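Q: Provided herewith is a single structure, encoded as structure tokens, for subsequent inquiry.
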Amino acid sequence: MTLSPPASNVAAASTSLPDWAGAAAQAVTHVPDAAVDACWRASTYLSAAQLYLADNPRLARPLRRQDVKQAPRGHWGVCPPVSWMLAHLGPITAHRPRGAELLVLHGAGHAGPAALAHAYLSGALDLTGAGPGWSMPALRELIEGFPHTQRFGGEITPLIPGVRYTGGQLGPALAVAQGMVLDAPHRLVIPLIGDGELETGATAAAWLARRALAGSGQHGAVLPVVLANGQRMGGPSLLAGMSQDEVRGYFTGLGYAPLLHDGADLRSFRELLADALARLRPLGEPGRQPVIVLTMPKGHTGPRAVAGRRIAGTPAVHKTPLTNPRDHDEEFAALAAWLASYRPAELLTVQGRPSAEVRLALPSRRPQPAPVSEAPPPRALGGEPWHQISAVIGERAAAGDFRLFSPDEIASNRLHLAEAGDRALPPWAVEILNEEICHGWLQGYTETGRDALLATYEAFAAINASLLAQHLKHRRLAYRAGGSGLPNINYLITSLGWRNTYTHQHPGLVGSLLELEDGFVHVYTPADATRAAAVLAAMLTGRDRVNLLITDKHLGPTFPPGPFRDELTEGAAIWPHLSYRGRPDLVLASAGDVPARELTAAAQTLRTTRPDVRFRYVHINDLAVLGPAPQWPYGLRERTFTRLFGADTPVLLAVPTYTAAVRALLAARGQADRFTVIGYRDPGRPTTPTDLLEHCGMSASTLSAQATLMFKEHSRCH
């Protein structure tokens with residue numbers, strides 16, 4: 001049954017978008033309902049067959065016990081509604097307007113069997129090594145080889161061709177979809193959002209977040225589809241406890257026009273989908289946007305009950321609703337009837353090809369890789385040091401295909417982006433008081449080939465630690481699947497805890513990322529704002545990296561630029577103006593501007609008070625280079641590491657973060673014993689910036705005293 005809101009509540013379609021309503025009309029004209037139904041049955045059958053079958057992939061003969069896997073595994077429940085949506089969107093993709101792009105974004109990963117089934121039917125999977133395509137050996141491998149632990153895995157990942165996925169963490173799908181269509185009026189993104197995902201804070205905020213994008217450019221459209229199947233993994237979802245009127249009221253209150261359908265009638269759903277496409281508006285444009293709420297039950301078309309055990313409407317449908325059909329008589333009979341209900345021999349030929357009717361509903365034009373924008377090379381900038389950082393951002397934005405996202409902190413972080421006398425932000429800079437939404441937008445923008453930067457307070461960047469970890473997994477798998485050249489994931493981390501209130505002191509994101517031992521990660525710790533501007537320029541032109549740039553928003557000293565080329569290319573360099581030319585007794589090393597300010601002052605004190613201490617000064621521009629190969633492919637080579645830090649010389653290292661992750665990098669090199677690492681330590685109470693430096697051992701005076709003590713101990717031992 002279809003339940004649509006009154007027409008007055010739904011905004012009319014915008015003329016700035018491609019004619020998606022026309023695409024839907026073409027799809028209905030050229031693709032009969034029977035073809036869409038056949039495609040849905042084929043995909044749903046293949047989803048179930050992957051979980052259960054070890055042989056007889058088309059059910060060309062009656063099912064036998066030996067045809068059934070001994071240990072069925074995988075996720076079934078969400079596959080039917082996902083397959084339903086993919087079957088209905090295939091004809092629209094095939095008949096999309098010239099130059100337009102339709103992308104489906106999966107919010108949850110449990111529909112792996114459905115994604116694999118659709119990729120196989122579309123001819124995109126290479127299952128035998130003979131290339132993508134259809135064959136009986138490939139069909140057997142799809143079904144018998146599931147969950148493909150060495151190839152694709154059993155859940156949705158970028159290893160499955162044509163899949164767009166947000167990663168393992170529930171919540172960011174809607175925000176990522178919004179990021180994908182920013183500055184891309186030709187693009188329509190349809191995120192598939194589970195009703196359990198609606199309970200996450202990121203999804204709840206994303207419904208409202210589109211309002212922050214009003215007037216920020218020409219955008220494409222997002223058509224959210226809520227898979228309201230009634231169940232989370234362990235029980236009923238909150239949405240399942242709401243009446244249809246309450247569901248309609250909920251989405252209406254958020255500014256959307258909900259279109260509800262239970263999936264019981266294919267023709268009326270095609271009409272509803274066409275209606276939704278006709279009412280689309282560009283992201284950020286005022287007016288109600290349509291949202292489809294598909295109330296198809298979880299595990300639809302599967303067994304409802306077996307041997308007196310209820311299955312439908314219970315958590316049993318989440319994974320394998322029949323746990324042991326090979327050995328259990330009633331479960332075996334239920335499986336045979338279940339699989340036969342799809343009539344697979346009508347849907348798949350003896351050559352393993354989808355039938356002609358199924359192929360009518362498949363997208364005939366394969367999706368093309370996202371274009372990757374080419375950013376301009378960085379150039380030298382004049383002006384005040386912190387203004388140089390703002391200038392780098394402004395120049396990159398002027399070249400196009402760039403966005404700055406920030407959780408309401410652009411002015412607070414002293415980024416000067418507006419024209420003189422204008423207090424309004426430029427349209428390419430967007431603020432919303434939600435770090436997760438900012439990352440979702442950044443992820444969507446960069447995954448579609450454009451450059452972006454997220455600027456945030458140091459203390460609250462750690463909110464996104466899990467999102468970044470999942471995004472890294474996604475990137476790593478995409479890289480393994482042959483994808484490369486995607487823009488960097490860039491974070492500008494400022495408003496550091498060294499000058500902030502007690503509740504705003506938490507440099508934890510650095511440790512979270514370094515602990516991943518991922519070679520894509522770089523943690524930039526330049527010594528001054530001029531260096532930070534140059535690092536940022538390089539970050540905004542690079543590819544395939546995850547970059548954290550840590551820099552204080554308060555103006556500090558500027559250091560001689562001579563060594564910076566080596567700092568940028570190798571990650572660390574000796575500062576000759578502060579270093580003894582021969583073999584040193586002690587190495588002083590800084591990472592970050594606050595440590596550099598304090599440690600250089602300590603070095604000057606040592607020169608005056610202890611001229612007998614022969615020390616070398618090193619600055620580390622990228623903390624990640626302290627890690628060894630092969631975990632850290634950009635790490636310092638052993639020869640370079642020894643040239644900088646010596647072989648047995650004590651090293652006093654001052655860093656702007658917690659020390660544990662840095663110690664772990666050094667321990668992986670077998671070098672932790674001779675490094676004394678000074679960094680942030682929680683003071684346990686509010687304190688002044690000066691007292692915080694003293695508490696952490698980071699003040700010039702405490703660093704000087706520590707260096708003297710280390711020199712004395714080293715001298716006694718040698």
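By order in the structure tokens, chains are A, B, ...; within a chain, residues start at 1; ligands start at 1, following the order shown.
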Could you list, as a list in words, every residue within 12 Å of Gln150 of chain A, counting only C-alpha atoms and ignoring same-chain residues fewer than 5 positions away?
A: Leu127, Gly145 and Leu159 of chain A
Q: Sorted by chain and rising residue number, list the residues of segment 43-131 of chain A at most 6 Å from segment 348-367 of chain A (counting only C-alpha atoms), each with its closest atom pair and distance in Å to one decimal, as a Markdown table.
A:
```
| residue | atom | partner | partner_atom | distance |
| --- | --- | --- | --- | --- |
| A:Gly90 | CA | A:Pro363 | CA | 4.5 |
| A:Pro91 | CA | A:Ala361 | CA | 5.1 |
| A:Thr93 | CA | A:Pro363 | CA | 5.5 |
| A:Ala94 | CA | A:Pro363 | CA | 4.5 |
```
Q: For the residues selected in the previous step, produce a file with C-alpha atoms as a PDB file, in the first residue's frame.
A:
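Result went into out07.pdb, see below:
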```pdb
ATOM      1  CA  GLY A  90      18.423  -0.377 -12.521  1.00  0.00           C
ATOM      2  CA  PRO A  91      16.019   0.704 -15.296  1.00  0.00           C
ATOM      3  CA  THR A  93      20.026   4.175 -14.237  1.00  0.00           C
ATOM      4  CA  ALA A  94      19.894   2.729 -17.748  1.00  0.00           C
TER       5      ALA A  94
END
```
Q: List the neighbours of Leu536 of chain A out to 8 Å using only C-alpha atoms; skip same-chain residues closer than 6 positions along the sequence, and give me the result as a list of chain:residue names.
A: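 Using only C-alpha atoms, the neighbours found are A:Ile389, A:Val392, A:Leu549.
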Q: Would you save the residues of that selection, restricted to C-alpha atoms, as an mmCIF file, in the first residue's frame?
A:
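Written output follows (again.cif):
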```
data_model
loop_
_atom_site.group_PDB
_atom_site.id
_atom_site.type_symbol
_atom_site.label_atom_id
_atom_site.label_comp_id
_atom_site.auth_asym_id
_atom_site.auth_seq_id
_atom_site.Cartn_x
_atom_site.Cartn_y
_atom_site.Cartn_z
ATOM 1 C CA ILE A 389 47.114 29.560 6.080
ATOM 2 C CA VAL A 392 46.278 28.828 1.033
ATOM 3 C CA LEU A 549 47.866 19.138 10.438
#
```
Q: So which residues touch segment 105-114 of chain A within 7 Å, counting only C-alpha atoms, skipping near sequence neighbours fewer than 4 positions away, as a VMD selection string?
A: chain A and resid 43 to 44 47 50 75 78 to 79 82 to 83 118 154 to 156 164 to 166 168 170 173 189 to 193
Q: What is the distance between atom CA of Val291 of chain A and atom CA of Phe269 of chain A, in Å to one decimal?
A: 13.3 Å
Q: Give me, as a ChimeraX atom specification, the residues of segment 162-307 of chain A that a backbone DSSP run labels strand (DSSP E or B).
A: /A:164-165,187-194,221-222,225-227,231,236,256-261,289-294,305-306
Q: Please, which residues of segment 286-447 of chain A, numbered as in this document, come out helix (DSSP H, G or I) from DSSP, as a compact mmCIF listing (two decimals) with all heavy atoms, in the first residue's frame?
A:
```txt
# COMPACT_ATOMS: atom_id res chain seq x y z
N PRO A 315 14.48 -11.63 15.65
CA PRO A 315 15.89 -11.47 15.29
C PRO A 315 16.45 -12.63 14.48
O PRO A 315 17.55 -12.51 13.92
CB PRO A 315 16.58 -11.35 16.65
CG PRO A 315 15.53 -10.81 17.57
CD PRO A 315 14.25 -11.44 17.10
N ALA A 316 15.72 -13.77 14.39
CA ALA A 316 16.23 -14.92 13.63
C ALA A 316 16.41 -14.60 12.16
O ALA A 316 17.20 -15.27 11.48
CB ALA A 316 15.27 -16.10 13.79
N VAL A 317 15.73 -13.59 11.63
CA VAL A 317 15.84 -13.29 10.20
C VAL A 317 17.11 -12.49 9.90
O VAL A 317 17.46 -12.30 8.73
CB VAL A 317 14.62 -12.50 9.69
CG1 VAL A 317 13.36 -13.31 9.87
CG2 VAL A 317 14.50 -11.14 10.38
N ASP A 329 15.24 -32.20 9.34
CA ASP A 329 14.27 -32.54 8.30
C ASP A 329 13.33 -31.37 7.98
O ASP A 329 13.12 -31.03 6.81
CB ASP A 329 13.43 -33.75 8.73
CG ASP A 329 14.25 -35.04 8.76
OD1 ASP A 329 15.35 -35.02 8.18
OD2 ASP A 329 13.79 -36.02 9.37
N GLU A 330 12.74 -30.77 9.01
CA GLU A 330 11.77 -29.71 8.76
C GLU A 330 12.44 -28.45 8.20
O GLU A 330 11.87 -27.75 7.36
CB GLU A 330 11.00 -29.40 10.04
CG GLU A 330 10.05 -30.53 10.45
CD GLU A 330 9.38 -30.26 11.76
OE1 GLU A 330 10.10 -30.18 12.78
OE2 GLU A 330 8.15 -30.13 11.78
N GLU A 331 13.64 -28.17 8.65
CA GLU A 331 14.38 -27.03 8.10
C GLU A 331 14.76 -27.30 6.64
O GLU A 331 14.73 -26.39 5.80
CB GLU A 331 15.63 -26.73 8.93
CG GLU A 331 15.33 -26.05 10.25
CD GLU A 331 16.55 -25.35 10.83
OE1 GLU A 331 17.67 -25.55 10.29
OE2 GLU A 331 16.40 -24.61 11.82
N PHE A 332 15.14 -28.55 6.33
CA PHE A 332 15.49 -28.89 4.95
C PHE A 332 14.28 -28.70 4.04
O PHE A 332 14.38 -28.12 2.95
CB PHE A 332 16.00 -30.32 4.85
CG PHE A 332 16.29 -30.76 3.44
CD1 PHE A 332 17.44 -30.34 2.80
CD2 PHE A 332 15.39 -31.55 2.74
CE1 PHE A 332 17.71 -30.72 1.49
CE2 PHE A 332 15.64 -31.94 1.43
CZ PHE A 332 16.81 -31.52 0.80
N ALA A 333 13.12 -29.16 4.46
CA ALA A 333 11.91 -29.00 3.66
C ALA A 333 11.57 -27.51 3.49
O ALA A 333 11.15 -27.08 2.40
CB ALA A 333 10.75 -29.74 4.31
N ALA A 334 11.75 -26.74 4.55
CA ALA A 334 11.48 -25.30 4.47
C ALA A 334 12.44 -24.61 3.50
O ALA A 334 12.05 -23.73 2.73
CB ALA A 334 11.58 -24.67 5.86
N LEU A 335 13.72 -24.99 3.53
CA LEU A 335 14.71 -24.41 2.62
C LEU A 335 14.36 -24.74 1.17
O LEU A 335 14.43 -23.86 0.29
CB LEU A 335 16.11 -24.91 2.97
CG LEU A 335 17.23 -24.42 2.04
CD1 LEU A 335 17.38 -22.91 2.13
CD2 LEU A 335 18.56 -25.11 2.38
N ALA A 336 14.01 -25.99 0.91
CA ALA A 336 13.68 -26.39 -0.45
C ALA A 336 12.49 -25.58 -0.98
O ALA A 336 12.50 -25.11 -2.13
CB ALA A 336 13.38 -27.89 -0.49
N ALA A 337 11.48 -25.43 -0.16
CA ALA A 337 10.31 -24.66 -0.60
C ALA A 337 10.65 -23.18 -0.77
O ALA A 337 10.18 -22.51 -1.71
CB ALA A 337 9.19 -24.84 0.42
N TRP A 338 11.44 -22.66 0.14
CA TRP A 338 11.85 -21.25 0.09
C TRP A 338 12.60 -20.95 -1.21
O TRP A 338 12.22 -20.04 -1.97
CB TRP A 338 12.69 -20.96 1.32
CG TRP A 338 13.34 -19.61 1.39
CD1 TRP A 338 13.03 -18.49 0.68
CD2 TRP A 338 14.43 -19.24 2.25
NE1 TRP A 338 13.86 -17.45 1.04
CE2 TRP A 338 14.72 -17.88 2.00
CE3 TRP A 338 15.17 -19.92 3.21
CZ2 TRP A 338 15.73 -17.21 2.67
CZ3 TRP A 338 16.17 -19.25 3.90
CH2 TRP A 338 16.45 -17.90 3.62
N LEU A 339 13.64 -21.69 -1.50
CA LEU A 339 14.44 -21.42 -2.69
C LEU A 339 13.64 -21.65 -3.97
O LEU A 339 13.77 -20.90 -4.95
CB LEU A 339 15.70 -22.28 -2.68
CG LEU A 339 16.69 -22.02 -1.53
CD1 LEU A 339 17.88 -22.95 -1.62
CD2 LEU A 339 17.16 -20.57 -1.53
N ALA A 340 12.81 -22.68 -3.97
CA ALA A 340 12.02 -22.98 -5.18
C ALA A 340 10.99 -21.90 -5.46
O ALA A 340 10.56 -21.74 -6.62
CB ALA A 340 11.34 -24.34 -5.03
N PRO A 344 14.10 -20.20 -9.81
CA PRO A 344 15.39 -19.76 -10.33
C PRO A 344 15.71 -20.27 -11.72
O PRO A 344 16.45 -19.61 -12.47
CB PRO A 344 16.39 -20.29 -9.30
CG PRO A 344 15.69 -21.42 -8.62
CD PRO A 344 14.25 -21.02 -8.58
N ALA A 345 15.21 -21.42 -12.12
CA ALA A 345 15.50 -21.92 -13.46
C ALA A 345 14.94 -21.00 -14.54
O ALA A 345 15.42 -21.02 -15.68
CB ALA A 345 14.95 -23.34 -13.62
N GLU A 346 13.92 -20.20 -14.20
CA GLU A 346 13.38 -19.22 -15.14
C GLU A 346 14.26 -17.97 -15.22
O GLU A 346 14.20 -17.22 -16.19
CB GLU A 346 11.98 -18.79 -14.73
CG GLU A 346 10.94 -19.89 -14.67
CD GLU A 346 9.62 -19.37 -14.14
OE1 GLU A 346 9.51 -18.12 -13.96
OE2 GLU A 346 8.71 -20.18 -13.91
N LEU A 347 15.06 -17.76 -14.19
CA LEU A 347 15.80 -16.51 -14.06
C LEU A 347 17.25 -16.62 -14.51
O LEU A 347 17.87 -15.61 -14.86
CB LEU A 347 15.77 -16.05 -12.60
CG LEU A 347 14.38 -15.96 -11.95
CD1 LEU A 347 14.51 -15.68 -10.46
CD2 LEU A 347 13.55 -14.88 -12.64
N ALA A 356 16.82 -13.22 -20.37
CA ALA A 356 16.59 -11.99 -21.14
C ALA A 356 15.67 -11.04 -20.38
O ALA A 356 15.85 -9.82 -20.41
CB ALA A 356 16.01 -12.34 -22.50
N GLU A 357 14.69 -11.60 -19.68
CA GLU A 357 13.77 -10.75 -18.93
C GLU A 357 14.48 -10.06 -17.77
O GLU A 357 14.27 -8.86 -17.54
CB GLU A 357 12.61 -11.60 -18.41
CG GLU A 357 11.48 -10.77 -17.82
CD GLU A 357 10.25 -11.60 -17.53
OE1 GLU A 357 10.40 -12.67 -16.88
OE2 GLU A 357 9.16 -11.21 -17.94
N VAL A 358 15.34 -10.77 -17.08
CA VAL A 358 16.10 -10.16 -15.99
C VAL A 358 16.99 -9.05 -16.53
O VAL A 358 17.09 -7.95 -15.94
CB VAL A 358 16.94 -11.22 -15.25
CG1 VAL A 358 17.90 -10.55 -14.27
CG2 VAL A 358 16.04 -12.20 -14.52
N ARG A 359 17.63 -9.31 -17.66
CA ARG A 359 18.58 -8.34 -18.20
C ARG A 359 17.91 -7.03 -18.60
O ARG A 359 18.55 -5.97 -18.61
CB ARG A 359 19.33 -8.93 -19.39
CG ARG A 359 20.25 -10.09 -19.02
CD ARG A 359 21.32 -10.33 -20.09
NE ARG A 359 20.75 -10.60 -21.40
CZ ARG A 359 20.37 -11.80 -21.84
NH1 ARG A 359 20.51 -12.86 -21.03
NH2 ARG A 359 19.88 -11.97 -23.05
N LEU A 360 16.62 -7.08 -18.91
CA LEU A 360 15.91 -5.84 -19.25
C LEU A 360 15.93 -4.83 -18.12
O LEU A 360 15.88 -3.62 -18.36
CB LEU A 360 14.45 -6.17 -19.61
CG LEU A 360 14.14 -6.66 -21.02
CD1 LEU A 360 12.66 -7.01 -21.12
CD2 LEU A 360 14.53 -5.61 -22.06
N PRO A 385 51.99 35.23 9.11
CA PRO A 385 52.03 33.77 9.03
C PRO A 385 50.66 33.12 9.10
O PRO A 385 50.34 32.26 8.27
CB PRO A 385 52.91 33.38 10.23
CG PRO A 385 53.82 34.55 10.40
CD PRO A 385 52.99 35.75 10.06
N TRP A 386 49.80 33.46 10.10
CA TRP A 386 48.52 32.76 10.18
C TRP A 386 47.62 33.13 9.01
O TRP A 386 46.80 32.32 8.53
CB TRP A 386 47.84 33.05 11.51
CG TRP A 386 46.65 32.18 11.70
CD1 TRP A 386 45.34 32.53 11.60
CD2 TRP A 386 46.64 30.78 11.98
NE1 TRP A 386 44.52 31.46 11.81
CE2 TRP A 386 45.30 30.36 12.04
CE3 TRP A 386 47.63 29.83 12.18
CZ2 TRP A 386 44.92 29.05 12.31
CZ3 TRP A 386 47.28 28.52 12.45
CH2 TRP A 386 45.94 28.14 12.50
N HIS A 387 47.75 34.37 8.50
CA HIS A 387 46.99 34.75 7.32
C HIS A 387 47.43 33.95 6.11
O HIS A 387 46.65 33.78 5.17
CB HIS A 387 47.14 36.26 7.06
CG HIS A 387 46.35 37.11 8.01
ND1 HIS A 387 45.07 37.54 7.72
CD2 HIS A 387 46.65 37.58 9.24
CE1 HIS A 387 44.62 38.26 8.74
NE2 HIS A 387 45.55 38.30 9.67
N GLN A 388 48.66 33.46 6.10
CA GLN A 388 49.11 32.62 4.99
C GLN A 388 48.28 31.33 4.92
O GLN A 388 47.98 30.84 3.83
CB GLN A 388 50.59 32.29 5.13
CG GLN A 388 51.51 33.48 4.96
CD GLN A 388 52.97 33.09 5.11
OE1 GLN A 388 53.34 31.96 4.86
NE2 GLN A 388 53.79 34.04 5.51
N ILE A 389 47.94 30.77 6.07
CA ILE A 389 47.11 29.56 6.08
C ILE A 389 45.75 29.85 5.46
O ILE A 389 45.25 29.08 4.62
CB ILE A 389 46.97 29.03 7.52
CG1 ILE A 389 48.33 28.54 8.02
CG2 ILE A 389 45.93 27.93 7.59
CD1 ILE A 389 48.33 28.10 9.46
N SER A 390 45.16 30.98 5.83
CA SER A 390 43.88 31.38 5.23
C SER A 390 44.04 31.60 3.74
O SER A 390 43.15 31.23 2.95
CB SER A 390 43.37 32.65 5.90
OG SER A 390 43.22 32.47 7.30
N ALA A 391 45.16 32.17 3.32
CA ALA A 391 45.38 32.42 1.90
C ALA A 391 45.50 31.13 1.12
O ALA A 391 45.02 31.02 -0.01
CB ALA A 391 46.62 33.28 1.71
N VAL A 392 46.16 30.13 1.70
CA VAL A 392 46.28 28.83 1.03
C VAL A 392 44.89 28.24 0.79
O VAL A 392 44.59 27.73 -0.30
CB VAL A 392 47.13 27.86 1.88
CG1 VAL A 392 46.99 26.42 1.38
CG2 VAL A 392 48.59 28.27 1.84
N ILE A 393 44.04 28.31 1.80
CA ILE A 393 42.68 27.78 1.66
C ILE A 393 41.92 28.55 0.59
O ILE A 393 41.25 27.97 -0.28
CB ILE A 393 41.95 27.84 3.01
CG1 ILE A 393 42.66 26.95 4.03
CG2 ILE A 393 40.50 27.41 2.85
CD1 ILE A 393 42.12 27.09 5.45
N GLY A 394 42.03 29.87 0.62
CA GLY A 394 41.32 30.70 -0.36
C GLY A 394 41.78 30.44 -1.78
O GLY A 394 40.97 30.39 -2.71
N GLU A 395 43.07 30.29 -1.97
CA GLU A 395 43.58 30.04 -3.32
C GLU A 395 43.14 28.67 -3.83
O GLU A 395 42.83 28.52 -5.02
CB GLU A 395 45.11 30.15 -3.33
CG GLU A 395 45.60 31.57 -3.19
CD GLU A 395 46.87 31.80 -3.97
OE1 GLU A 395 47.51 30.81 -4.39
OE2 GLU A 395 47.23 32.98 -4.18
N ARG A 396 43.14 27.68 -2.95
CA ARG A 396 42.68 26.36 -3.40
C ARG A 396 41.20 26.42 -3.77
O ARG A 396 40.77 25.81 -4.76
CB ARG A 396 42.92 25.31 -2.31
CG ARG A 396 42.43 23.92 -2.67
CD ARG A 396 43.13 23.37 -3.91
NE ARG A 396 42.44 22.21 -4.46
CZ ARG A 396 41.46 22.28 -5.36
NH1 ARG A 396 41.04 23.46 -5.82
NH2 ARG A 396 40.91 21.18 -5.83
N ALA A 397 40.43 27.16 -2.99
CA ALA A 397 39.00 27.27 -3.29
C ALA A 397 38.77 27.99 -4.61
O ALA A 397 37.85 27.64 -5.37
CB ALA A 397 38.30 28.01 -2.15
N ALA A 398 39.59 28.98 -4.92
CA ALA A 398 39.42 29.73 -6.16
C ALA A 398 39.62 28.85 -7.39
O ALA A 398 39.08 29.15 -8.46
CB ALA A 398 40.40 30.90 -6.19
N GLU A 435 30.70 17.51 14.36
CA GLU A 435 31.92 16.99 13.74
C GLU A 435 31.63 15.81 12.82
O GLU A 435 32.25 15.66 11.76
CB GLU A 435 32.92 16.56 14.83
CG GLU A 435 33.64 17.70 15.53
CD GLU A 435 32.79 18.37 16.60
OE1 GLU A 435 31.65 17.92 16.84
OE2 GLU A 435 33.27 19.36 17.20
N GLU A 436 30.69 14.94 13.22
CA GLU A 436 30.40 13.76 12.40
C GLU A 436 29.81 14.14 11.05
O GLU A 436 30.16 13.55 10.02
CB GLU A 436 29.43 12.84 13.14
CG GLU A 436 30.02 12.16 14.36
CD GLU A 436 28.99 11.32 15.08
OE1 GLU A 436 28.06 11.92 15.66
OE2 GLU A 436 29.10 10.09 15.04
N ILE A 437 28.93 15.13 11.03
CA ILE A 437 28.37 15.59 9.76
C ILE A 437 29.46 16.19 8.88
O ILE A 437 29.51 15.93 7.67
CB ILE A 437 27.24 16.61 9.99
CG1 ILE A 437 26.09 15.95 10.77
CG2 ILE A 437 26.74 17.16 8.67
CD1 ILE A 437 25.43 14.79 10.06
N CYS A 438 30.34 16.96 9.48
CA CYS A 438 31.45 17.54 8.71
C CYS A 438 32.28 16.44 8.05
O CYS A 438 32.67 16.55 6.88
CB CYS A 438 32.33 18.41 9.60
SG CYS A 438 31.59 19.98 10.08
N HIS A 439 32.56 15.38 8.81
CA HIS A 439 33.34 14.29 8.20
C HIS A 439 32.53 13.58 7.13
O HIS A 439 33.08 13.19 6.09
CB HIS A 439 33.80 13.27 9.24
CG HIS A 439 34.64 12.20 8.63
ND1 HIS A 439 36.01 12.31 8.50
CD2 HIS A 439 34.31 11.01 8.04
CE1 HIS A 439 36.47 11.24 7.87
NE2 HIS A 439 35.46 10.44 7.59
N GLY A 440 31.23 13.36 7.36
CA GLY A 440 30.41 12.73 6.34
C GLY A 440 30.42 13.52 5.05
O GLY A 440 30.55 12.96 3.95
N TRP A 441 30.28 14.85 5.15
CA TRP A 441 30.35 15.69 3.95
C TRP A 441 31.71 15.56 3.28
O TRP A 441 31.81 15.44 2.07
CB TRP A 441 30.09 17.14 4.34
CG TRP A 441 28.66 17.45 4.65
CD1 TRP A 441 27.55 16.68 4.33
CD2 TRP A 441 28.16 18.60 5.32
NE1 TRP A 441 26.41 17.30 4.77
CE2 TRP A 441 26.74 18.47 5.39
CE3 TRP A 441 28.75 19.71 5.89
CZ2 TRP A 441 25.93 19.43 5.98
CZ3 TRP A 441 27.95 20.67 6.49
CH2 TRP A 441 26.56 20.54 6.54
N LEU A 442 32.77 15.63 4.10
CA LEU A 442 34.12 15.49 3.54
C LEU A 442 34.29 14.15 2.84
O LEU A 442 34.86 14.06 1.74
CB LEU A 442 35.16 15.67 4.65
CG LEU A 442 36.62 15.46 4.26
CD1 LEU A 442 37.51 16.45 5.01
CD2 LEU A 442 37.12 14.05 4.56
N GLN A 443 33.78 13.08 3.45
CA GLN A 443 33.93 11.76 2.86
C GLN A 443 33.20 11.69 1.52
O GLN A 443 33.75 11.21 0.52
CB GLN A 443 33.39 10.68 3.81
CG GLN A 443 33.53 9.27 3.25
CD GLN A 443 33.24 8.21 4.29
OE1 GLN A 443 33.24 8.49 5.48
NE2 GLN A 443 33.03 6.99 3.85
N GLY A 444 31.96 12.18 1.48
CA GLY A 444 31.23 12.15 0.22
C GLY A 444 31.89 12.99 -0.86
O GLY A 444 31.93 12.61 -2.03
N TYR A 445 32.42 14.13 -0.47
CA TYR A 445 33.04 15.05 -1.43
C TYR A 445 34.32 14.46 -2.00
O TYR A 445 34.57 14.49 -3.21
CB TYR A 445 33.32 16.39 -0.75
CG TYR A 445 33.38 17.58 -1.69
CD1 TYR A 445 32.21 18.13 -2.21
CD2 TYR A 445 34.59 18.15 -2.04
CE1 TYR A 445 32.26 19.23 -3.05
CE2 TYR A 445 34.65 19.24 -2.90
CZ TYR A 445 33.48 19.78 -3.40
OH TYR A 445 33.53 20.86 -4.25
N THR A 446 35.17 13.91 -1.13
CA THR A 446 36.44 13.37 -1.61
C THR A 446 36.26 12.04 -2.34
O THR A 446 37.01 11.76 -3.29
CB THR A 446 37.43 13.18 -0.44
OG1 THR A 446 36.85 12.32 0.56
CG2 THR A 446 37.79 14.52 0.18
N GLU A 447 35.28 11.22 -1.92
CA GLU A 447 35.08 9.95 -2.61
C GLU A 447 34.56 10.15 -4.03
O GLU A 447 34.58 9.22 -4.84
CB GLU A 447 34.11 9.07 -1.82
CG GLU A 447 34.63 8.58 -0.49
CD GLU A 447 35.86 7.70 -0.60
OE1 GLU A 447 35.82 6.73 -1.38
OE2 GLU A 447 36.86 8.00 0.06
```
Q: Under the rule that only C-alpha atoms are counted, which of A:Gly230, A:Pro630, A:Pro224, A:Pro560 is the nearest residue to Tyr256 of chain A?
A: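 With only C-alpha atoms as the atom set, the closest residue is A:Pro224.
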Q: Rank nothing, just name the residue among A:Arg310, A:Arg270, A:Arg543, A:Arg211 nearest to Pro286 of chain A, using only C-alpha atoms.
A: A:Arg211
Q: When you look at Val293 of chain A with a cut-off of 9 Å (counting only C-alpha atoms), what residues show up, excluding the ones that are within fewer than 2 positions of it in the same chain? I need them as a ChimeraX atom specification.
A: /A:224-228,247,258-262,291,295
Q: Distance atom CA of Arg187 of chain A-atom CA of Leu17 of chain A, one decimal place?
A: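 That distance, rounded to one decimal, is 8.5 Å.
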Q: Nearest to Ala534 of chain A: which of A:His554, A:Val176, A:Glu567, A:Gly299 is it, counting only C-alpha atoms?
A: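 Of A:His554, A:Val176, A:Glu567, A:Gly299, the one nearest Ala534 of chain A, counting only C-alpha atoms, is A:Glu567.
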Q: Give me the residues near segment 615-620 of chain A as an NGL selection string, where near means some atom within 10 Å (using only C-alpha atoms) and where sequence neighbours in that chain fewer than 2 positions away do not count.
A: :A and (524-527 or 563-564 or 567-568 or 570-593 or 595-596 or 599-600 or 603 or 606-607 or 611-613 or 622-626 or 644-646 or 649 or 651-655 or 707 or 711)
Q: Taking into account only C-alpha atoms, which residue in the set A:Arg248, A:His318, A:Arg614, A:Arg480 is nearest to Asn229 of chain A?
A: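 Smallest distance to Asn229 of chain A is found for A:His318.
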Q: What is the atom CA of Arg545 of chain A to atom CA of Phe405 of chain A distance in Å?
A: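 So the two atoms, atom CA of Arg545 of chain A and atom CA of Phe405 of chain A, lie 18.2 Å apart.
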